>>> print(open('upload_27.tsv').read())   # TSV, N, CA and C atoms
chain	number	residue	atom	x	y	z
A	1	MET	N	0.85	-1.18	0.00
A	1	MET	CA	0.00	0.00	0.00
A	1	MET	C	0.89	1.24	0.00
A	2	SER	N	0.56	2.20	-0.82
A	2	SER	CA	1.38	3.40	-0.93
A	2	SER	C	1.18	4.31	0.27
A	3	SER	N	2.10	5.22	0.44
A	3	SER	CA	2.03	6.12	1.59
A	3	SER	C	0.84	7.07	1.48
A	4	ILE	N	0.44	7.40	0.25
A	4	ILE	CA	-0.71	8.28	0.07
A	4	ILE	C	-1.98	7.59	0.55
A	5	GLN	N	-2.15	6.32	0.22
A	5	GLN	CA	-3.33	5.58	0.65
A	5	GLN	C	-3.35	5.42	2.17
A	6	GLU	N	-2.18	5.14	2.76
A	6	GLU	CA	-2.11	5.01	4.21
A	6	GLU	C	-2.49	6.31	4.89
A	7	ARG	N	-1.99	7.43	4.37
A	7	ARG	CA	-2.29	8.73	4.95
A	7	ARG	C	-3.78	9.04	4.83
A	8	ARG	N	-4.37	8.70	3.68
A	8	ARG	CA	-5.80	8.95	3.47
A	8	ARG	C	-6.64	8.13	4.45
A	9	GLU	N	-6.28	6.85	4.67
A	9	GLU	CA	-7.02	6.01	5.60
A	9	GLU	C	-6.89	6.55	7.03
A	10	ARG	N	-5.71	7.01	7.39
A	10	ARG	CA	-5.50	7.55	8.72
A	10	ARG	C	-6.35	8.81	8.93
A	11	MET	N	-6.42	9.66	7.89
A	11	MET	CA	-7.21	10.89	7.97
A	11	MET	C	-8.70	10.57	8.10
A	12	GLU	N	-9.18	9.56	7.36
A	12	GLU	CA	-10.60	9.22	7.40
A	12	GLU	C	-10.99	8.62	8.74
A	13	SER	N	-10.08	7.85	9.35
A	13	SER	CA	-10.42	7.21	10.61
A	13	SER	C	-10.40	8.19	11.77
A	14	ALA	N	-9.63	9.27	11.67
A	14	ALA	CA	-9.50	10.23	12.77
A	14	ALA	C	-10.42	11.43	12.54
A	15	ALA	N	-11.73	11.19	12.52
A	15	ALA	CA	-12.69	12.29	12.36
A	15	ALA	C	-12.67	13.14	13.61
A	16	THR	N	-12.62	14.47	13.44
A	16	THR	CA	-12.55	15.36	14.59
A	16	THR	C	-13.37	16.62	14.35
A	17	THR	N	-13.80	17.24	15.44
A	17	THR	CA	-14.52	18.50	15.35
A	17	THR	C	-13.69	19.64	15.91
A	18	ALA	N	-12.52	19.35	16.45
A	18	ALA	CA	-11.63	20.34	17.06
A	18	ALA	C	-12.34	21.10	18.17
A	19	GLY	N	-13.30	20.47	18.82
A	19	GLY	CA	-13.98	21.08	19.95
A	19	GLY	C	-15.06	22.07	19.59
A	20	ILE	N	-15.33	22.26	18.32
A	20	ILE	CA	-16.35	23.22	17.89
A	20	ILE	C	-17.69	22.52	17.82
A	21	LYS	N	-18.71	23.14	18.42
A	21	LYS	CA	-20.05	22.56	18.43
A	21	LYS	C	-21.03	23.48	17.72
A	22	ARG	N	-22.20	22.93	17.40
A	22	ARG	CA	-23.24	23.72	16.77
A	22	ARG	C	-23.70	24.80	17.75
A	23	GLY	N	-23.84	26.03	17.25
A	23	GLY	CA	-24.26	27.14	18.10
A	23	GLY	C	-23.12	28.00	18.61
A	24	ASP	N	-21.86	27.54	18.46
A	24	ASP	CA	-20.71	28.34	18.89
A	24	ASP	C	-20.52	29.55	17.99
A	25	GLN	N	-19.97	30.63	18.53
A	25	GLN	CA	-19.59	31.79	17.73
A	25	GLN	C	-18.16	31.56	17.25
A	26	VAL	N	-17.93	31.71	15.94
A	26	VAL	CA	-16.59	31.54	15.38
A	26	VAL	C	-16.27	32.71	14.45
A	27	ARG	N	-14.99	32.91	14.18
A	27	ARG	CA	-14.54	33.91	13.23
A	27	ARG	C	-13.82	33.18	12.10
A	28	VAL	N	-14.12	33.56	10.87
A	28	VAL	CA	-13.47	32.96	9.70
A	28	VAL	C	-12.09	33.61	9.55
A	29	MET	N	-11.04	32.79	9.47
A	29	MET	CA	-9.68	33.30	9.47
A	29	MET	C	-9.07	33.39	8.07
A	30	THR	N	-9.54	32.59	7.12
A	30	THR	CA	-8.97	32.59	5.79
A	30	THR	C	-10.07	32.55	4.74
A	31	GLY	N	-9.70	32.86	3.52
A	31	GLY	CA	-10.65	32.80	2.41
A	31	GLY	C	-11.29	34.14	2.13
A	32	ARG	N	-12.27	34.12	1.24
A	32	ARG	CA	-12.88	35.38	0.81
A	32	ARG	C	-13.74	36.01	1.90
A	33	ASP	N	-14.14	35.25	2.91
A	33	ASP	CA	-14.95	35.77	4.00
A	33	ASP	C	-14.12	36.01	5.26
A	34	ARG	N	-12.82	36.21	5.10
A	34	ARG	CA	-11.94	36.40	6.25
A	34	ARG	C	-12.40	37.59	7.09
A	35	GLY	N	-12.46	37.40	8.40
A	35	GLY	CA	-12.87	38.46	9.31
A	35	GLY	C	-14.32	38.41	9.71
A	36	LYS	N	-15.14	37.70	8.95
A	36	LYS	CA	-16.56	37.60	9.31
A	36	LYS	C	-16.71	36.66	10.50
A	37	SER	N	-17.69	36.95	11.33
A	37	SER	CA	-17.97	36.04	12.43
A	37	SER	C	-19.44	35.66	12.39
A	38	GLY	N	-19.73	34.49	12.91
A	38	GLY	CA	-21.11	34.02	12.89
A	38	GLY	C	-21.26	32.76	13.72
A	39	ARG	N	-22.49	32.30	13.79
A	39	ARG	CA	-22.84	31.11	14.55
A	39	ARG	C	-22.61	29.87	13.70
A	40	VAL	N	-22.17	28.77	14.33
A	40	VAL	CA	-21.99	27.51	13.62
A	40	VAL	C	-23.36	26.86	13.46
A	41	LEU	N	-23.73	26.58	12.20
A	41	LEU	CA	-25.03	25.96	11.91
A	41	LEU	C	-24.94	24.45	11.88
A	42	ALA	N	-23.80	23.91	11.42
A	42	ALA	CA	-23.64	22.46	11.31
A	42	ALA	C	-22.17	22.11	11.38
A	43	VAL	N	-21.87	20.91	11.91
A	43	VAL	CA	-20.50	20.41	12.00
A	43	VAL	C	-20.48	19.04	11.35
A	44	ASN	N	-19.50	18.79	10.47
A	44	ASN	CA	-19.33	17.49	9.83
A	44	ASN	C	-17.96	16.95	10.22
A	45	PRO	N	-17.86	16.10	11.24
A	45	PRO	CA	-16.57	15.62	11.72
A	45	PRO	C	-15.80	14.78	10.71
A	46	SER	N	-16.52	13.98	9.90
A	46	SER	CA	-15.82	13.10	8.96
A	46	SER	C	-15.13	13.90	7.86
A	47	LYS	N	-15.73	15.01	7.43
A	47	LYS	CA	-15.11	15.85	6.41
A	47	LYS	C	-14.33	17.00	7.01
A	48	ARG	N	-14.37	17.14	8.34
A	48	ARG	CA	-13.69	18.23	9.06
A	48	ARG	C	-14.14	19.60	8.57
A	49	THR	N	-15.45	19.79	8.45
A	49	THR	CA	-15.98	21.07	7.99
A	49	THR	C	-17.05	21.58	8.95
A	50	VAL	N	-17.24	22.89	8.92
A	50	VAL	CA	-18.32	23.53	9.66
A	50	VAL	C	-19.07	24.45	8.69
A	51	THR	N	-20.34	24.68	8.96
A	51	THR	CA	-21.13	25.63	8.19
A	51	THR	C	-21.40	26.82	9.09
A	52	VAL	N	-20.94	28.00	8.66
A	52	VAL	CA	-21.03	29.21	9.48
A	52	VAL	C	-22.09	30.13	8.87
A	53	GLU	N	-22.89	30.71	9.75
A	53	GLU	CA	-23.97	31.61	9.34
A	53	GLU	C	-23.41	32.83	8.60
A	54	HIS	N	-23.99	33.16	7.45
A	54	HIS	CA	-23.65	34.34	6.63
A	54	HIS	C	-22.22	34.34	6.10
A	55	SER	N	-21.61	33.18	5.91
A	55	SER	CA	-20.28	33.15	5.30
A	55	SER	C	-20.21	31.99	4.31
A	56	ASN	N	-19.33	32.12	3.33
A	56	ASN	CA	-19.16	31.15	2.25
A	56	ASN	C	-20.50	30.91	1.54
A	57	ILE	N	-21.15	31.99	1.15
A	57	ILE	CA	-22.44	31.90	0.47
A	57	ILE	C	-22.23	31.35	-0.93
A	58	ILE	N	-22.96	30.27	-1.26
A	58	ILE	CA	-22.88	29.68	-2.59
A	58	ILE	C	-24.25	29.79	-3.25
A	59	LYS	N	-24.26	29.78	-4.57
A	59	LYS	CA	-25.51	29.85	-5.32
A	59	LYS	C	-25.80	28.48	-5.90
A	60	ARG	N	-26.99	28.00	-5.63
A	60	ARG	CA	-27.40	26.69	-6.13
A	60	ARG	C	-28.58	26.88	-7.07
A	61	HIS	N	-28.46	26.33	-8.27
A	61	HIS	CA	-29.54	26.41	-9.25
A	61	HIS	C	-30.49	25.25	-9.03
A	62	THR	N	-31.72	25.58	-8.65
A	62	THR	CA	-32.70	24.57	-8.26
A	62	THR	C	-33.82	24.47	-9.27
A	63	ARG	N	-34.17	23.25	-9.61
A	63	ARG	CA	-35.27	23.01	-10.53
A	63	ARG	C	-36.56	22.97	-9.73
A	64	PRO	N	-37.63	23.56	-10.24
A	64	PRO	CA	-38.90	23.53	-9.50
A	64	PRO	C	-39.45	22.12	-9.38
A	65	ASN	N	-40.03	21.83	-8.22
A	65	ASN	CA	-40.62	20.52	-7.98
A	65	ASN	C	-41.97	20.74	-7.29
A	66	PRO	N	-43.05	20.76	-8.06
A	66	PRO	CA	-44.37	21.05	-7.48
A	66	PRO	C	-44.83	20.03	-6.45
A	67	SER	N	-44.43	18.76	-6.61
A	67	SER	CA	-44.88	17.74	-5.66
A	67	SER	C	-44.28	17.96	-4.27
A	68	LYS	N	-43.06	18.51	-4.20
A	68	LYS	CA	-42.43	18.81	-2.91
A	68	LYS	C	-42.58	20.28	-2.53
A	69	ASN	N	-43.35	21.03	-3.32
A	69	ASN	CA	-43.61	22.44	-3.06
A	69	ASN	C	-42.31	23.26	-3.04
A	70	VAL	N	-41.41	22.98	-4.00
A	70	VAL	CA	-40.13	23.69	-4.09
A	70	VAL	C	-40.19	24.61	-5.30
A	71	LYS	N	-39.93	25.91	-5.06
A	71	LYS	CA	-39.87	26.85	-6.17
A	71	LYS	C	-38.49	26.75	-6.82
A	72	GLY	N	-38.44	26.95	-8.12
A	72	GLY	CA	-37.17	26.90	-8.83
A	72	GLY	C	-36.47	28.24	-8.78
A	73	GLY	N	-35.23	28.26	-9.22
A	73	GLY	CA	-34.47	29.50	-9.29
A	73	GLY	C	-33.10	29.34	-8.67
A	74	ILE	N	-32.48	30.47	-8.42
A	74	ILE	CA	-31.14	30.47	-7.84
A	74	ILE	C	-31.28	30.69	-6.34
A	75	VAL	N	-30.85	29.70	-5.56
A	75	VAL	CA	-30.96	29.73	-4.11
A	75	VAL	C	-29.57	30.01	-3.52
A	76	GLU	N	-29.48	30.98	-2.63
A	76	GLU	CA	-28.22	31.27	-1.94
A	76	GLU	C	-28.24	30.61	-0.57
A	77	LYS	N	-27.18	29.87	-0.25
A	77	LYS	CA	-27.09	29.23	1.05
A	77	LYS	C	-25.64	29.15	1.49
A	78	GLU	N	-25.43	28.85	2.77
A	78	GLU	CA	-24.08	28.77	3.31
A	78	GLU	C	-23.44	27.45	2.91
A	79	GLY	N	-22.17	27.52	2.55
A	79	GLY	CA	-21.41	26.33	2.22
A	79	GLY	C	-20.47	25.96	3.36
A	80	PRO	N	-19.90	24.76	3.33
A	80	PRO	CA	-19.01	24.34	4.40
A	80	PRO	C	-17.64	25.01	4.31
A	81	ILE	N	-17.01	25.17	5.48
A	81	ILE	CA	-15.66	25.73	5.59
A	81	ILE	C	-14.84	24.74	6.40
A	82	ALA	N	-13.58	24.57	6.06
A	82	ALA	CA	-12.71	23.67	6.82
A	82	ALA	C	-12.58	24.16	8.27
A	83	ILE	N	-12.58	23.21	9.20
A	83	ILE	CA	-12.49	23.56	10.62
A	83	ILE	C	-11.21	24.33	10.92
A	84	SER	N	-10.14	24.02	10.19
A	84	SER	CA	-8.87	24.70	10.43
A	84	SER	C	-8.91	26.17	10.04
A	85	ASN	N	-9.93	26.58	9.29
A	85	ASN	CA	-10.03	27.97	8.83
A	85	ASN	C	-10.93	28.84	9.69
A	86	VAL	N	-11.43	28.30	10.81
A	86	VAL	CA	-12.24	29.11	11.72
A	86	VAL	C	-11.62	29.08	13.10
A	87	LEU	N	-11.90	30.13	13.88
A	87	LEU	CA	-11.38	30.26	15.24
A	87	LEU	C	-12.53	30.54	16.18
A	88	LEU	N	-12.57	29.82	17.27
A	88	LEU	CA	-13.64	29.97	18.25
A	88	LEU	C	-13.56	31.32	18.94
A	89	LEU	N	-14.71	32.00	19.11
A	89	LEU	CA	-14.77	33.28	19.82
A	89	LEU	C	-15.26	33.04	21.24
A	90	CYS	N	-14.52	33.55	22.21
A	90	CYS	CA	-14.91	33.43	23.61
A	90	CYS	C	-15.99	34.48	23.90
A	91	PRO	N	-17.14	34.08	24.47
A	91	PRO	CA	-18.18	35.06	24.76
A	91	PRO	C	-17.81	36.02	25.90
A	92	ALA	N	-16.90	35.61	26.77
A	92	ALA	CA	-16.52	36.46	27.91
A	92	ALA	C	-15.54	37.56	27.50
A	93	CYS	N	-14.43	37.16	26.85
A	93	CYS	CA	-13.42	38.16	26.49
A	93	CYS	C	-13.58	38.67	25.06
A	94	ASN	N	-14.50	38.06	24.28
A	94	ASN	CA	-14.81	38.47	22.91
A	94	ASN	C	-13.58	38.47	22.00
A	95	LYS	N	-12.69	37.49	22.21
A	95	LYS	CA	-11.49	37.34	21.38
A	95	LYS	C	-11.49	35.95	20.77
A	96	GLY	N	-10.80	35.85	19.64
A	96	GLY	CA	-10.60	34.54	19.06
A	96	GLY	C	-9.62	33.78	19.94
A	97	SER	N	-9.95	32.54	20.26
A	97	SER	CA	-9.14	31.81	21.23
A	97	SER	C	-9.09	30.34	20.88
A	98	ARG	N	-7.97	29.72	21.28
A	98	ARG	CA	-7.90	28.27	21.19
A	98	ARG	C	-8.73	27.69	22.33
A	99	LEU	N	-8.92	26.40	22.28
A	99	LEU	CA	-9.82	25.73	23.19
A	99	LEU	C	-9.03	24.86	24.14
A	100	GLY	N	-9.39	24.89	25.41
A	100	GLY	CA	-8.81	24.00	26.40
A	100	GLY	C	-9.91	23.23	27.09
A	101	HIS	N	-9.53	22.22	27.86
A	101	HIS	CA	-10.50	21.43	28.61
A	101	HIS	C	-10.11	21.43	30.09
A	102	LYS	N	-11.12	21.41	30.95
A	102	LYS	CA	-10.89	21.36	32.39
A	102	LYS	C	-11.93	20.45	33.01
A	103	VAL	N	-11.51	19.68	34.01
A	103	VAL	CA	-12.44	18.83	34.73
A	103	VAL	C	-12.84	19.56	36.00
A	104	LEU	N	-14.14	19.79	36.16
A	104	LEU	CA	-14.65	20.49	37.33
A	104	LEU	C	-14.67	19.56	38.54
A	105	PRO	N	-14.78	20.13	39.75
A	105	PRO	CA	-14.79	19.29	40.96
A	105	PRO	C	-15.91	18.24	40.98
A	106	ASP	N	-17.03	18.52	40.30
A	106	ASP	CA	-18.11	17.52	40.28
A	106	ASP	C	-17.88	16.43	39.24
A	107	GLY	N	-16.75	16.49	38.50
A	107	GLY	CA	-16.39	15.43	37.57
A	107	GLY	C	-16.76	15.69	36.13
A	108	THR	N	-17.42	16.82	35.82
A	108	THR	CA	-17.79	17.10	34.44
A	108	THR	C	-16.63	17.78	33.72
A	109	LYS	N	-16.48	17.45	32.45
A	109	LYS	CA	-15.42	18.01	31.63
A	109	LYS	C	-16.00	19.17	30.82
A	110	VAL	N	-15.40	20.37	30.91
A	110	VAL	CA	-15.92	21.53	30.21
A	110	VAL	C	-14.84	22.12	29.32
A	111	ARG	N	-15.30	22.86	28.29
A	111	ARG	CA	-14.39	23.58	27.41
A	111	ARG	C	-14.09	24.94	28.02
A	112	VAL	N	-12.82	25.37	27.96
A	112	VAL	CA	-12.43	26.66	28.53
A	112	VAL	C	-11.65	27.47	27.51
A	113	CYS	N	-11.71	28.79	27.66
A	113	CYS	CA	-10.97	29.72	26.81
A	113	CYS	C	-9.51	29.73	27.26
A	114	ARG	N	-8.58	29.71	26.33
A	114	ARG	CA	-7.16	29.73	26.67
A	114	ARG	C	-6.70	31.12	27.08
A	115	HIS	N	-7.44	32.18	26.68
A	115	HIS	CA	-7.05	33.55	27.03
A	115	HIS	C	-7.46	33.88	28.46
A	116	CYS	N	-8.77	33.76	28.74
A	116	CYS	CA	-9.28	34.24	30.03
A	116	CYS	C	-9.59	33.12	31.01
A	117	GLY	N	-9.71	31.89	30.54
A	117	GLY	CA	-9.97	30.77	31.44
A	117	GLY	C	-11.44	30.53	31.75
A	118	ASN	N	-12.35	31.33	31.20
A	118	ASN	CA	-13.78	31.14	31.43
A	118	ASN	C	-14.29	29.93	30.66
A	119	THR	N	-15.34	29.31	31.20
A	119	THR	CA	-15.91	28.15	30.52
A	119	THR	C	-16.75	28.62	29.33
A	120	LEU	N	-16.79	27.79	28.31
A	120	LEU	CA	-17.54	28.11	27.08
A	120	LEU	C	-18.90	27.44	27.05
A	121	GLU	N	-19.21	26.64	28.06
A	121	GLU	CA	-20.50	25.95	28.09
A	121	GLU	C	-21.60	26.92	28.51
A	122	LYS	N	-22.79	26.70	28.00
A	122	LYS	CA	-23.91	27.59	28.30
A	122	LYS	C	-24.58	27.19	29.59
>>> encode(input="upload_27.tsv", output="structure tokens")
Amino acid sequence: MSSIQERRERMESAATTAGIKRGDQVRVMTGRDRGKSGRVLAVNPSKRTVTVEHSNIIKRHTRPNPSKNVKGGIVEKEGPIAISNVLLLCPACNKGSRLGHKVLPDGTKVRVCRHCGNTLEK
């Protein structure tokens, strides 16, 4: 087996979300929407992508389907962005921050901001 196939299999088996969950505030760091921030609408761990509100808008040409009550035309919707291209925003310090984990005294594991140390859980 070639090294490329081995690397691809390793990448597929190690699906990750990088600690980002649906509903988190993130800032887009690269691409044409760099600097925009928004809420995470969806996370796809196997493809390592997130869908961020109001960023990476794509146009989809849709055919009308009367049986499903779908109007035809050009539909604009959010497309996926690689997880490595977004940065989590801390609600407390309002800065882009990496993610840490801490175990609380009651035994629950929570996500924490690396800048200010506040928990990111709601």
>>> residues_near_point(input="upload_27.tsv", point="(-14.0, 35.9, 16.0)", cutoff="10 Å", atoms="only C-alpha atoms", output="MDAnalysis selection string")
chainID A and resid 25:29 34:38 86:91 94:97
>>> closest_residue(input="upload_27.tsv", among="A:Pro64, A:Ile74, A:Glu121, A:Ile57", to="Arg22 (chain A)", atoms="only C-alpha atoms")
A:Glu121
>>> atom_distance(input="upload_27.tsv", atom1="atom C of Lys21 (chain A)", atom2="atom C of Pro45 (chain A)")
12.3 Å
>>> atom_distance(input="upload_27.tsv", atom1="CA of Gly100 (chain A)", atom2="CA of Gly23 (chain A)")
17.8 Å
>>> residues_around(input="upload_27.tsv", residues="Thr62 (chain A)", least_positions_apart="5", cutoff="8 Å", atoms="all atoms listed in the file", output="PyMOL selection string")
chain A and resi 70-75
>>> select_by_dssp(input="upload_27.tsv", residues="region 4-122 of chain A", states="helix (DSSP H, G or I)", output="short mmCIF file (atom, residue, chain, number, x, y, z; two decimals) with N, CA and C atoms, keeping the file's coordinate frame")
data_model
loop_
_atom_site.label_atom_id
_atom_site.label_comp_id
_atom_site.auth_asym_id
_atom_site.auth_seq_id
_atom_site.Cartn_x
_atom_site.Cartn_y
_atom_site.Cartn_z
N ILE A 4 0.44 7.40 0.25
CA ILE A 4 -0.71 8.28 0.07
C ILE A 4 -1.98 7.59 0.55
N GLN A 5 -2.15 6.32 0.22
CA GLN A 5 -3.33 5.58 0.65
C GLN A 5 -3.35 5.42 2.17
N GLU A 6 -2.18 5.14 2.76
CA GLU A 6 -2.11 5.01 4.21
C GLU A 6 -2.49 6.31 4.89
N ARG A 7 -1.99 7.43 4.37
CA ARG A 7 -2.29 8.73 4.95
C ARG A 7 -3.78 9.04 4.83
N ARG A 8 -4.37 8.70 3.68
CA ARG A 8 -5.80 8.95 3.47
C ARG A 8 -6.64 8.13 4.45
N GLU A 9 -6.28 6.85 4.67
CA GLU A 9 -7.02 6.01 5.60
C GLU A 9 -6.89 6.55 7.03
N ARG A 10 -5.71 7.01 7.39
CA ARG A 10 -5.50 7.55 8.72
C ARG A 10 -6.35 8.81 8.93
N MET A 11 -6.42 9.66 7.89
CA MET A 11 -7.21 10.89 7.97
C MET A 11 -8.70 10.57 8.10
N GLU A 12 -9.18 9.56 7.36
CA GLU A 12 -10.60 9.22 7.40
C GLU A 12 -10.99 8.62 8.74
N SER A 13 -10.08 7.85 9.35
CA SER A 13 -10.42 7.21 10.61
C SER A 13 -10.40 8.19 11.77
N PRO A 66 -43.05 20.76 -8.06
CA PRO A 66 -44.37 21.05 -7.48
C PRO A 66 -44.83 20.03 -6.45
N SER A 67 -44.43 18.76 -6.61
CA SER A 67 -44.88 17.74 -5.66
C SER A 67 -44.28 17.96 -4.27
N LYS A 68 -43.06 18.51 -4.20
CA LYS A 68 -42.43 18.81 -2.91
C LYS A 68 -42.58 20.28 -2.53
N ILE A 83 -12.58 23.21 9.20
CA ILE A 83 -12.49 23.56 10.62
C ILE A 83 -11.21 24.33 10.92
N SER A 84 -10.14 24.02 10.19
CA SER A 84 -8.87 24.70 10.43
C SER A 84 -8.91 26.17 10.04
N ASN A 85 -9.93 26.58 9.29
CA ASN A 85 -10.03 27.97 8.83
C ASN A 85 -10.93 28.84 9.69
#
